[in-house]
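Content type mmCIF, C-alpha atoms and all ligand atoms, from the file my_file_9.cif:
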data_upload
#
loop_
_atom_site.label_atom_id
_atom_site.label_comp_id
_atom_site.auth_asym_id
_atom_site.auth_seq_id
_atom_site.Cartn_x
_atom_site.Cartn_y
_atom_site.Cartn_z
CA MET M 1 0.00 0.00 0.00
CA ILE M 2 1.36 3.44 -0.94
CA PRO M 3 0.31 5.74 1.96
CA TYR M 4 -0.67 9.40 1.37
CA GLY M 5 2.34 10.49 3.38
CA ARG M 6 5.12 9.03 5.47
CA GLN M 7 8.41 9.83 7.22
CA TRP M 8 11.91 9.24 5.90
CA LEU M 9 14.52 8.31 8.53
CA ASP M 10 18.10 7.45 7.68
CA GLU M 11 21.18 6.34 9.62
CA ASP M 12 22.17 9.95 10.47
CA ASP M 13 18.80 10.49 12.11
CA LEU M 14 19.06 7.33 14.18
CA ALA M 15 22.63 8.14 15.26
CA ALA M 16 21.59 11.66 16.32
CA VAL M 17 18.79 10.27 18.49
CA GLU M 18 20.97 7.55 19.97
CA ALA M 19 23.69 10.03 20.95
CA VAL M 20 21.21 12.02 23.03
CA LEU M 21 19.71 8.89 24.57
CA ARG M 22 23.20 7.94 25.74
CA SER M 23 23.79 11.40 27.29
CA ASP M 24 22.68 12.82 30.65
CA LEU M 25 19.92 15.11 29.48
CA ILE M 26 17.32 13.23 27.48
CA THR M 27 14.56 15.82 27.80
CA THR M 28 15.05 19.64 28.05
CA GLY M 29 18.74 19.96 27.08
CA PRO M 30 20.87 21.72 24.46
CA LYS M 31 19.17 20.17 21.43
CA VAL M 32 15.88 21.98 22.09
CA ALA M 33 17.40 25.44 21.70
CA GLU M 34 19.57 24.25 18.80
CA PHE M 35 16.52 22.97 16.91
CA GLU M 36 14.61 26.18 17.67
CA ARG M 37 17.51 28.34 16.43
CA GLY M 38 17.96 26.11 13.37
CA LEU M 39 14.36 26.41 12.22
CA ALA M 40 14.11 30.12 13.10
CA ASP M 41 17.26 30.83 11.03
CA TYR M 42 16.09 28.70 8.12
CA LEU M 43 12.80 30.59 8.00
CA GLY M 44 14.16 34.02 8.90
CA ALA M 45 12.05 34.33 12.06
CA GLY M 46 13.24 35.98 15.26
CA GLU M 47 12.08 33.48 17.89
CA ALA M 48 11.01 29.85 18.03
CA VAL M 49 9.46 27.80 20.82
CA ALA M 50 9.41 24.01 20.41
CA VAL M 51 6.68 21.97 22.06
CA SER M 52 5.38 18.41 22.18
CA SER M 53 3.01 18.48 19.17
CA GLY M 54 1.50 20.72 16.53
CA THR M 55 -1.68 20.76 18.59
CA ALA M 56 0.27 21.91 21.66
CA ALA M 57 1.87 24.56 19.43
CA LEU M 58 -1.58 25.80 18.36
CA HIS M 59 -2.71 25.94 22.00
CA THR M 60 0.50 27.76 22.96
CA ALA M 61 -0.03 30.28 20.14
CA MET M 62 -3.63 30.89 21.31
CA TYR M 63 -2.26 31.57 24.80
CA ALA M 64 0.38 33.97 23.46
CA ALA M 65 -2.31 35.77 21.46
CA GLY M 66 -4.22 36.26 24.70
CA ILE M 67 -7.28 34.27 23.66
CA GLY M 68 -9.59 33.88 26.65
CA GLN M 69 -13.19 33.25 27.64
CA GLY M 70 -15.64 34.30 24.94
CA ASP M 71 -13.03 35.65 22.50
CA GLU M 72 -13.84 34.87 18.89
CA VAL M 73 -11.23 33.45 16.55
CA ILE M 74 -11.95 33.29 12.81
CA LEU M 75 -10.68 30.23 10.92
CA PRO M 76 -11.53 28.12 7.86
CA PRO M 77 -13.36 24.78 8.20
CA ILE M 78 -11.06 23.01 5.71
CA THR M 79 -8.45 22.07 8.30
CA PHE M 80 -7.61 19.45 10.87
CA VAL M 81 -9.90 19.65 13.93
CA ALA M 82 -6.97 20.67 16.16
CA THR M 83 -6.96 24.18 14.63
CA ALA M 84 -10.43 24.86 16.01
CA ASN M 85 -10.02 22.79 19.17
CA ALA M 86 -7.05 24.93 20.25
CA VAL M 87 -9.35 27.97 20.38
CA LEU M 88 -11.66 26.05 22.72
CA PHE M 89 -8.75 24.98 24.96
CA GLN M 90 -8.43 28.66 25.89
CA GLY M 91 -12.18 29.18 26.31
CA GLY M 92 -12.50 31.00 22.99
CA ARG M 93 -15.12 30.54 20.30
CA PRO M 94 -14.13 29.31 16.83
CA VAL M 95 -15.95 31.23 14.09
CA PHE M 96 -15.83 29.57 10.68
CA ALA M 97 -15.23 31.68 7.57
CA ASP M 98 -15.48 30.26 4.06
CA VAL M 99 -12.67 29.46 1.64
CA ASP M 100 -11.70 30.46 -1.87
CA PRO M 101 -13.25 27.95 -4.34
CA ASP M 102 -10.07 27.49 -6.39
CA THR M 103 -7.45 27.09 -3.63
CA LEU M 104 -9.61 26.18 -0.58
CA LEU M 105 -7.63 28.80 1.37
CA LEU M 106 -9.28 31.17 3.84
CA SER M 107 -11.18 33.86 1.93
CA PRO M 108 -10.32 37.39 3.15
CA GLU M 109 -13.78 38.56 1.96
CA SER M 110 -15.47 35.93 4.10
CA VAL M 111 -13.26 36.79 7.09
CA GLN M 112 -14.43 40.37 6.78
CA THR M 113 -18.08 39.29 7.16
CA ARG M 114 -17.33 37.32 10.36
CA ILE M 115 -15.71 40.13 12.35
CA THR M 116 -17.55 41.29 15.48
CA ASP M 117 -16.47 43.33 18.50
CA ARG M 118 -15.51 40.04 20.20
CA THR M 119 -13.11 38.98 17.43
CA LYS M 120 -9.56 38.66 18.74
CA ALA M 121 -7.62 36.66 16.15
CA ILE M 122 -7.63 35.09 12.69
CA VAL M 123 -6.07 31.70 11.92
CA ALA M 124 -4.83 31.38 8.35
CA VAL M 125 -4.43 27.69 7.45
CA ASP M 126 -1.91 27.18 4.64
CA TYR M 127 -3.91 24.26 3.34
CA ALA M 128 -2.07 21.53 1.41
CA GLY M 129 1.13 23.60 1.62
CA GLN M 130 0.05 26.72 -0.25
CA PRO M 131 0.32 29.98 1.72
CA CYS M 132 -2.90 31.93 2.20
CA ASP M 133 -3.23 35.33 0.56
CA TYR M 134 -1.51 37.12 3.45
CA ASP M 135 -1.54 40.74 2.23
CA PRO M 136 -5.31 41.21 2.63
CA LEU M 137 -5.35 39.12 5.84
CA VAL M 138 -2.59 41.27 7.40
CA GLU M 139 -4.49 44.37 6.30
CA ILE M 140 -7.76 43.18 7.87
CA ALA M 141 -5.98 42.12 11.09
CA GLY M 142 -4.23 45.50 11.31
CA ARG M 143 -7.40 47.48 10.66
CA HIS M 144 -9.33 45.65 13.40
CA GLY M 145 -6.48 45.16 15.90
CA LEU M 146 -6.51 41.36 15.56
CA ILE M 147 -3.68 38.88 16.00
CA LEU M 148 -2.91 36.87 12.86
CA ILE M 149 -1.92 33.27 13.52
CA ALA M 150 -0.71 31.01 10.70
CA ASP M 151 -1.40 27.30 10.98
CA GLY M 152 1.57 26.41 8.80
CA CYS M 153 1.48 22.68 9.63
CA HIS M 154 1.17 21.92 5.88
CA ALA M 155 3.51 24.62 4.69
CA LEU M 156 7.02 24.28 6.11
CA GLY M 157 9.28 25.75 3.39
CA ALA M 158 6.45 27.40 1.45
CA GLU M 159 6.78 31.03 0.32
CA TYR M 160 4.44 33.93 -0.37
CA LYS M 161 5.80 36.73 -2.57
CA GLY M 162 9.34 35.54 -1.80
CA ARG M 163 8.81 35.42 1.97
CA LYS M 164 8.72 32.15 3.90
CA VAL M 165 5.77 30.89 5.93
CA GLY M 166 6.94 31.49 9.49
CA THR M 167 7.46 35.23 8.88
CA LEU M 168 4.06 36.21 7.47
CA ALA M 169 1.90 36.26 10.60
CA ASP M 170 2.26 37.30 14.26
CA LEU M 171 2.60 33.64 15.23
CA THR M 172 3.17 30.60 12.99
CA VAL M 173 2.63 27.01 14.03
CA PHE M 174 4.32 23.90 12.60
CA SER M 175 3.87 20.18 13.31
CA PHE M 176 6.50 17.45 13.18
CA HIS M 177 4.12 14.51 12.97
CA PRO M 178 5.54 11.76 10.68
CA VAL M 179 3.32 12.74 7.71
CA LYS M 180 4.58 16.34 7.79
CA HIS M 181 7.69 17.77 6.06
CA ILE M 182 10.12 16.83 8.84
CA THR M 183 9.40 14.71 11.89
CA THR M 184 10.29 14.38 15.55
CA GLY M 185 7.75 11.57 16.07
CA GLU M 186 5.40 13.99 17.75
CA GLY M 187 6.39 17.63 18.03
CA GLY M 188 5.61 21.19 17.06
CA MET M 189 6.98 24.72 17.06
CA VAL M 190 5.70 28.28 17.17
CA LEU M 191 7.65 30.98 15.30
CA THR M 192 7.31 34.68 16.04
CA ASP M 193 9.23 37.95 15.82
CA ASN M 194 7.73 39.11 19.09
CA PRO M 195 10.03 38.43 22.11
CA ASP M 196 7.15 38.94 24.59
CA PHE M 197 5.13 36.25 22.86
CA ALA M 198 8.17 33.95 22.92
CA GLU M 199 8.70 34.53 26.64
CA ARG M 200 5.04 33.80 27.41
CA MET M 201 5.16 30.64 25.29
CA ARG M 202 8.32 29.31 27.01
CA ARG M 203 6.53 29.72 30.32
CA PHE M 204 3.30 28.17 29.05
CA ARG M 205 5.03 24.98 27.88
CA ASN M 206 6.52 24.57 31.35
CA HIS M 207 3.55 24.81 33.78
CA GLY M 208 3.50 28.62 33.76
CA ILE M 209 6.83 28.65 35.66
CA THR M 210 9.17 31.57 34.97
CA ALA M 211 12.64 29.96 34.98
CA ASP M 212 13.31 26.55 33.53
CA TYR M 213 15.33 23.81 35.17
CA SER M 214 18.59 24.49 33.35
CA ARG M 215 18.39 28.24 34.01
CA ARG M 216 17.90 27.57 37.74
CA GLY M 217 20.88 25.21 37.64
CA ARG M 218 23.04 27.85 35.94
CA GLN M 219 21.92 30.52 38.38
CA GLY M 220 22.50 28.20 41.36
CA THR M 221 19.08 28.71 42.85
CA TRP M 222 16.10 26.62 43.84
CA PHE M 223 13.74 29.53 43.43
CA TYR M 224 11.04 29.56 40.81
CA GLU M 225 7.65 31.16 40.49
CA MET M 226 4.52 29.98 38.79
CA VAL M 227 2.89 33.13 37.49
CA ASP M 228 0.11 31.73 35.27
CA ILE M 229 -1.46 28.39 34.47
CA GLY M 230 0.61 26.37 32.02
CA TYR M 231 1.04 22.81 30.82
CA ASN M 232 3.76 20.26 30.32
CA TYR M 233 4.16 20.77 26.57
CA ARG M 234 7.93 20.20 26.60
CA ILE M 235 9.56 18.30 23.77
CA THR M 236 12.47 15.94 24.52
CA ASP M 237 16.10 16.51 23.60
CA PHE M 238 16.26 13.30 21.55
CA GLN M 239 13.25 14.40 19.51
CA CYS M 240 14.96 17.72 18.82
CA ALA M 241 18.16 15.89 17.80
CA LEU M 242 16.00 14.09 15.24
CA GLY M 243 14.47 17.42 14.18
CA ILE M 244 17.91 19.00 13.65
CA SER M 245 19.01 16.05 11.54
CA GLN M 246 15.77 16.09 9.52
CA LEU M 247 15.97 19.85 8.94
CA ARG M 248 19.22 19.38 6.99
CA LYS M 249 17.31 17.32 4.45
CA LEU M 250 14.32 19.65 4.15
CA PRO M 251 15.45 21.63 1.06
CA GLY M 252 15.97 18.44 -0.96
CA TRP M 253 12.70 16.97 0.26
CA LEU M 254 10.81 20.11 -0.75
CA GLU M 255 12.27 19.80 -4.24
CA ARG M 256 11.17 16.18 -4.42
CA ARG M 257 7.63 17.04 -3.27
CA ARG M 258 7.46 19.78 -5.92
CA ALA M 259 8.74 17.41 -8.61
CA ILE M 260 6.10 14.80 -7.74
CA ALA M 261 3.40 17.48 -7.80
CA GLY M 262 4.75 18.61 -11.18
CA CYS M 263 4.31 15.07 -12.58
CA TYR M 264 0.75 14.96 -11.25
CA ASP M 265 0.03 18.42 -12.73
CA ASP M 266 1.33 17.38 -16.14
CA HIS M 267 -0.84 14.27 -16.24
CA PHE M 268 -4.05 15.51 -14.68
CA ARG M 269 -4.12 18.77 -16.64
CA ASP M 270 -5.55 16.94 -19.65
CA ILE M 271 -7.96 14.57 -17.96
CA PRO M 272 -11.52 15.88 -18.08
CA GLY M 273 -13.23 15.67 -14.72
CA VAL M 274 -10.04 15.53 -12.66
CA GLU M 275 -8.80 18.95 -11.62
CA PRO M 276 -5.88 19.76 -9.31
CA LEU M 277 -6.48 22.59 -6.83
CA GLY M 278 -5.50 26.04 -8.04
CA VAL M 279 -2.07 27.44 -7.18
CA ARG M 280 -1.59 31.21 -7.19
CA PRO M 281 1.39 32.58 -9.14
CA ASP M 282 2.82 34.49 -6.16
CA VAL M 283 3.54 31.38 -4.05
CA LEU M 284 6.06 28.60 -3.75
CA HIS M 285 3.99 25.58 -2.72
CA ALA M 286 5.30 23.09 -0.14
CA TYR M 287 2.95 20.22 -1.18
CA HIS M 288 2.21 18.55 2.12
CA LEU M 289 -0.85 17.32 0.22
CA TYR M 290 -1.69 16.97 -3.46
CA VAL M 291 -5.43 17.41 -3.76
CA ILE M 292 -7.57 16.82 -6.86
CA ARG M 293 -11.21 17.73 -7.39
CA LEU M 294 -13.51 15.36 -9.21
CA ASP M 295 -16.26 16.64 -11.45
CA PRO M 296 -19.19 14.25 -10.99
CA GLU M 297 -20.81 15.44 -14.24
CA LEU M 298 -17.85 14.32 -16.32
CA LEU M 299 -16.88 11.13 -14.52
CA GLN M 300 -18.42 7.69 -14.35
CA ILE M 301 -17.37 7.32 -10.77
CA ASP M 302 -17.98 9.33 -7.64
CA ARG M 303 -15.52 10.25 -4.92
CA SER M 304 -16.25 7.41 -2.51
CA GLU M 305 -16.16 4.85 -5.32
CA LEU M 306 -12.80 6.18 -6.50
CA PHE M 307 -11.54 6.21 -2.92
CA SER M 308 -12.43 2.50 -2.46
CA ALA M 309 -11.15 1.47 -5.89
CA LEU M 310 -7.80 3.20 -5.30
CA HIS M 311 -7.47 1.56 -1.90
CA GLN M 312 -8.14 -1.81 -3.55
CA ALA M 313 -5.38 -0.94 -6.03
CA GLY M 314 -2.97 -0.35 -3.11
CA ILE M 315 -3.06 3.43 -3.23
CA GLY M 316 -3.77 4.98 0.15
CA VAL M 317 -5.61 8.12 -0.91
CA ASN M 318 -7.29 10.16 1.80
CA VAL M 319 -9.76 13.05 2.16
CA HIS M 320 -8.60 16.32 3.75
CA TYR M 321 -10.83 17.42 5.38
CA ILE M 322 -14.37 16.92 6.58
CA PRO M 323 -15.28 20.58 7.26
CA VAL M 324 -14.78 21.07 11.00
CA HIS M 325 -18.15 22.77 11.52
CA LEU M 326 -19.92 19.61 10.31
CA HIS M 327 -18.50 17.41 13.10
CA PRO M 328 -21.11 16.41 15.72
CA PHE M 329 -19.23 18.15 18.55
CA TYR M 330 -19.29 21.52 16.80
CA ARG M 331 -22.88 21.13 15.62
CA GLN M 332 -24.04 20.36 19.16
CA ARG M 333 -21.90 22.91 20.97
CA PHE M 334 -22.23 25.83 18.56
CA GLY M 335 -25.21 24.95 16.37
CA THR M 336 -23.06 24.95 13.24
CA GLY M 337 -24.06 22.87 10.22
CA PRO M 338 -24.54 22.82 6.47
CA GLY M 339 -24.96 26.24 4.87
CA LEU M 340 -22.46 28.04 7.12
CA CYS M 341 -19.56 27.72 4.65
CA PRO M 342 -21.10 26.64 1.33
CA VAL M 343 -17.89 26.78 -0.72
CA ALA M 344 -16.03 24.55 1.74
CA GLU M 345 -18.96 22.14 1.98
CA ALA M 346 -19.29 21.78 -1.80
CA ALA M 347 -15.53 21.34 -2.22
CA TYR M 348 -15.44 18.65 0.47
CA GLU M 349 -17.77 16.44 -1.61
CA ARG M 350 -15.32 16.39 -4.51
CA ILE M 351 -11.78 16.34 -3.09
CA ILE M 352 -9.36 13.48 -2.74
CA THR M 353 -5.71 13.55 -1.60
CA LEU M 354 -3.12 11.64 -3.61
CA PRO M 355 0.13 10.36 -2.06
CA VAL M 356 3.11 12.78 -1.92
CA PHE M 357 6.17 12.15 0.22
CA PRO M 358 9.89 12.50 -0.54
CA CYS M 359 10.82 8.81 -0.43
CA MET M 360 8.08 7.97 -2.95
CA SER M 361 9.71 6.37 -6.01
CA ASP M 362 9.08 7.47 -9.62
CA MET M 363 7.42 4.09 -10.08
CA ASP M 364 5.02 4.80 -7.18
CA VAL M 365 4.18 8.16 -8.77
CA GLN M 366 3.45 6.47 -12.11
CA ASP M 367 1.30 3.85 -10.34
CA VAL M 368 -0.78 6.57 -8.70
CA ILE M 369 -1.18 8.45 -11.98
CA ILE M 370 -2.14 5.40 -14.03
CA ALA M 371 -4.55 4.01 -11.44
CA THR M 372 -6.21 7.37 -10.83
CA GLU M 373 -6.56 8.10 -14.51
CA ARG M 374 -7.87 4.65 -15.47
CA LEU M 375 -10.25 4.35 -12.55
CA SER M 376 -11.68 7.83 -12.83
CA THR M 377 -12.20 7.78 -16.58
CA THR M 378 -13.00 4.19 -17.53
CA MET M 379 -14.77 2.76 -14.54
CA VAL M 380 -18.33 1.81 -15.39
CA ARG M 381 -21.40 0.96 -13.39
CA ILE M 382 -22.87 -2.53 -13.78
CA ASP M 383 -26.03 -3.38 -11.86
CA GLY M 384 -25.65 -0.16 -9.95
CA LYS M 385 -22.27 -1.25 -8.61
CA ALA M 386 -19.14 0.59 -9.66
CA GLY M 387 -16.34 -1.62 -10.82
CA PHE M 388 -13.31 -1.73 -13.02
CA TYR M 389 -14.41 -4.24 -15.61
CA GLY M 390 -12.40 -5.82 -18.35
CA VAL M 391 -9.80 -3.12 -19.01
C1 LIG M 401 -0.96 18.03 11.65
C2 LIG M 401 -1.79 19.24 11.83
C3 LIG M 401 -2.07 19.78 13.10
C4 LIG M 401 -1.74 19.07 14.37
O1 LIG M 401 -0.45 18.68 14.53
P1 LIG M 401 -0.08 17.46 15.50
O2 LIG M 401 1.42 17.52 15.53
O3 LIG M 401 -0.62 16.21 14.88
O4 LIG M 401 -0.68 17.73 16.83
C5 LIG M 401 -2.77 20.97 13.16
N1 LIG M 401 -3.19 21.61 12.06
C6 LIG M 401 -2.97 21.10 10.83
C7 LIG M 401 -3.47 21.86 9.64
C8 LIG M 401 -2.29 19.91 10.68
O5 LIG M 401 -2.10 19.40 9.47
#
Let me see whether you can do it: turn the structure in this file into structure tokens.
Ligand SMILES: *Cc1c(COP(=O)(O)O)cnc(C)c1O
Amino acid sequence: MIPYGRQWLDEDDLAAVEAVLRSDLITTGPKVAEFERGLADYLGAGEAVAVSSGTAALHTAMYAAGIGQGDEVILPPITFVATANAVLFQGGRPVFADVDPDTLLLSPESVQTRITDRTKAIVAVDYAGQPCDYDPLVEIAGRHGLILIADGCHALGAEYKGRKVGTLADLTVFSFHPVKHITTGEGGMVLTDNPDFAERMRRFRNHGITADYSRRGRQGTWFYEMVDIGYNYRITDFQCALGISQLRKLPGWLERRRAIAGCYDDHFRDIPGVEPLGVRPDVLHAYHLYVIRLDPELLQIDRSELFSALHQAGIGVNVHYIPVHLHPFYRQRFGTGPGLCPVAEAAYERIITLPVFPCMSDMDVQDVIIATERLSTTMVRIDGKAGFYGV
């Protein structure tokens, strides 16, 4: 089975992890700061705070942004549930704005219609690895005094008008889950240029305590103060050693992801009924996901039939995402449902995610292309049952 995404670990990575495991400090140690500095420098951001997951990073960013009881945070529904859940962790209220029909990225026009006097922040999700249209989002945030948070979990290494994701918003969140661009097993990071935010986030990941263990050791004191509620969102030193080792390979992996996407683009461009998502000319895409849209009017097969047929053919396609506001929890808690974000809801019915990951072979790419093309264009219905007959 070819999965939709997977990690790539080599001997260097394993050696880096083992070296830390054989040392004295296996959790908060020198590798955490080294990984933070490494990613901040690569992206051109001032500060970085590493935590235990992308979800923890989102929560930490919400805390830094000062989200509290009743504050509204505008975000798109085409994202992983964690983006919205993080707002709730801080007692805020997620408010769903619709997406652009061609890119499925947060629509600045729709954001504008969702702003109230309780709005505190906007979360721009760089869906699939394409940066949102940041200029209008920054303008709206500035005009209304809102914090702009980027959920860049799909977009490590992506660029908007020559500037990297990680420098485009007040706070940017990344995940190092194994399907993402680089992995630490579980892990995440928040990037910012604001030192006050960084200070608050370092405290938040460590129980709300002002000085961390190593700083107390250096200063020769037992004294510490807990000044706000925080969590244990620390990431281990051996995970960060893995992150440092993975980061060295990121530029090559981004090239490989772009090359695979280029092959898909070339093939699917000419197939009626199969349409890749739009990519704006002012971006450099990071292709965490490669998403196609199916046109039911032109195809013999619908999305769920194609999904099953591709799985039977050993191709682990996926669907990203069920719009968050359609999940039972959100419907029950906030009364959301169909009609709230019609563009996102319509797009959801037609999208399917094809495999893209750097260690995918050219043969795997060809297999995906051939199977997708054959199944979507020549599959026929017999006795009401879709099947791939006699070709
Ligand atoms: C992966 C992901 C997250 C969560 O990251 P974890 O590391 O799995 O907690 C959040 N938002 C988006 C868009 C993601 O893709």
*Counting only C-alpha atoms and all ligand atoms, which protein, DNA or RNA residues come within 10 Å of ligand LIG 401 (chain M), given as a VMD selection string?*
chain M and resid 51 to 59 78 to 86 124 to 129 150 to 155 173 to 180 183 to 189 288 to 289 320 to 321
_Interatomic distance (Å, one decimal) between atom CA of M:Leu25 and atom CA of M:Gln219_ = 17.9 Å
*Residues at most 8 Å from M:Leu294, counting all atoms listed in the file, excluding those fewer than 4 positions away in the same chain, as a PyMOL selection string?*
chain M and resi 273-275+299+302-303+350-352
_Close residues, M:Arg202 itself excluded, 12 Å, all atoms listed in the file, min 4 positions apart in chain, as number ranges by chain_ = M: 28, 32-33, 36, 47-51, 57, 60-61, 63-64, 189-191, 195-198, 206-212, 228, 230-235
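A straight line drawn from atom CA of M:Tyr348 to atom CA of M:Val324 is 10.8 Å long.
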*Enter the distance from atom CA of M:Ile370 to atom CA of M:Asn318, in Å, rounded to one decimal.*
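Pair atom CA of M:Ile370 / atom CA of M:Asn318 returns 17.3 Å.
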Where is the centre and how long are the edges: axis-aligned box on stretch 256-274 of chain M, 8 Å on each side, Å to one decimal, as AutoDock Vina command-line options:
--center_x -1.0 --center_y 17.0 --center_z -11.5 --size_x 40.4 --size_y 21.5 --size_z 32.4
If I only have part of stretch 182-189 of chain M, can you fill in all heavy atoms and write it as an mmCIF file, keeping the file's coordinate frame?
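Final file, out.cif:
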data_model
loop_
_atom_site.group_PDB
_atom_site.id
_atom_site.type_symbol
_atom_site.label_atom_id
_atom_site.label_comp_id
_atom_site.auth_asym_id
_atom_site.auth_seq_id
_atom_site.Cartn_x
_atom_site.Cartn_y
_atom_site.Cartn_z
ATOM 1 N N ILE M 182 9.055 17.466 8.057
ATOM 2 C CA ILE M 182 10.120 16.830 8.840
ATOM 3 C C ILE M 182 9.470 16.322 10.112
ATOM 4 O O ILE M 182 8.423 16.838 10.530
ATOM 5 C CB ILE M 182 11.281 17.805 9.183
ATOM 6 C CG1 ILE M 182 10.792 18.983 10.028
ATOM 7 C CG2 ILE M 182 11.986 18.293 7.909
ATOM 8 C CD1 ILE M 182 11.926 19.867 10.564
ATOM 9 N N THR M 183 10.069 15.294 10.720
ATOM 10 C CA THR M 183 9.400 14.710 11.890
ATOM 11 C C THR M 183 10.303 14.632 13.102
ATOM 12 O O THR M 183 11.530 14.511 12.991
ATOM 13 C CB THR M 183 8.820 13.320 11.567
ATOM 14 O OG1 THR M 183 7.977 12.930 12.662
ATOM 15 C CG2 THR M 183 9.902 12.272 11.364
ATOM 16 N N THR M 184 9.649 14.704 14.278
ATOM 17 C CA THR M 184 10.290 14.380 15.550
ATOM 18 C C THR M 184 9.459 13.296 16.250
ATOM 19 O O THR M 184 9.485 13.200 17.473
ATOM 20 C CB THR M 184 10.398 15.628 16.454
ATOM 21 O OG1 THR M 184 9.086 16.166 16.670
ATOM 22 C CG2 THR M 184 11.256 16.714 15.821
ATOM 23 N N GLY M 185 8.718 12.517 15.499
ATOM 24 C CA GLY M 185 7.750 11.570 16.070
ATOM 25 C C GLY M 185 6.465 12.328 16.330
ATOM 26 O O GLY M 185 5.552 12.342 15.513
ATOM 27 N N GLU M 186 6.373 12.939 17.487
ATOM 28 C CA GLU M 186 5.400 13.990 17.750
ATOM 29 C C GLU M 186 6.211 15.241 18.040
ATOM 30 O O GLU M 186 7.307 15.147 18.595
ATOM 31 C CB GLU M 186 4.520 13.681 18.972
ATOM 32 C CG GLU M 186 3.705 12.400 18.888
ATOM 33 C CD GLU M 186 2.445 12.518 18.038
ATOM 34 O OE1 GLU M 186 2.138 13.625 17.546
ATOM 35 O OE2 GLU M 186 1.777 11.485 17.866
ATOM 36 N N GLY M 187 5.670 16.400 17.712
ATOM 37 C CA GLY M 187 6.390 17.630 18.030
ATOM 38 C C GLY M 187 5.786 18.795 17.277
ATOM 39 O O GLY M 187 5.031 18.604 16.318
ATOM 40 N N GLY M 188 6.108 19.990 17.723
ATOM 41 C CA GLY M 188 5.610 21.190 17.060
ATOM 42 C C GLY M 188 6.462 22.379 17.427
ATOM 43 O O GLY M 188 7.322 22.286 18.317
ATOM 44 N N MET M 189 6.238 23.503 16.746
ATOM 45 C CA MET M 189 6.980 24.720 17.060
ATOM 46 C C MET M 189 6.133 25.926 16.720
ATOM 47 O O MET M 189 5.339 25.876 15.781
ATOM 48 C CB MET M 189 8.317 24.761 16.307
ATOM 49 C CG MET M 189 9.400 25.489 17.086
ATOM 50 S SD MET M 189 10.978 25.666 16.240
ATOM 51 C CE MET M 189 11.660 24.047 16.254
#
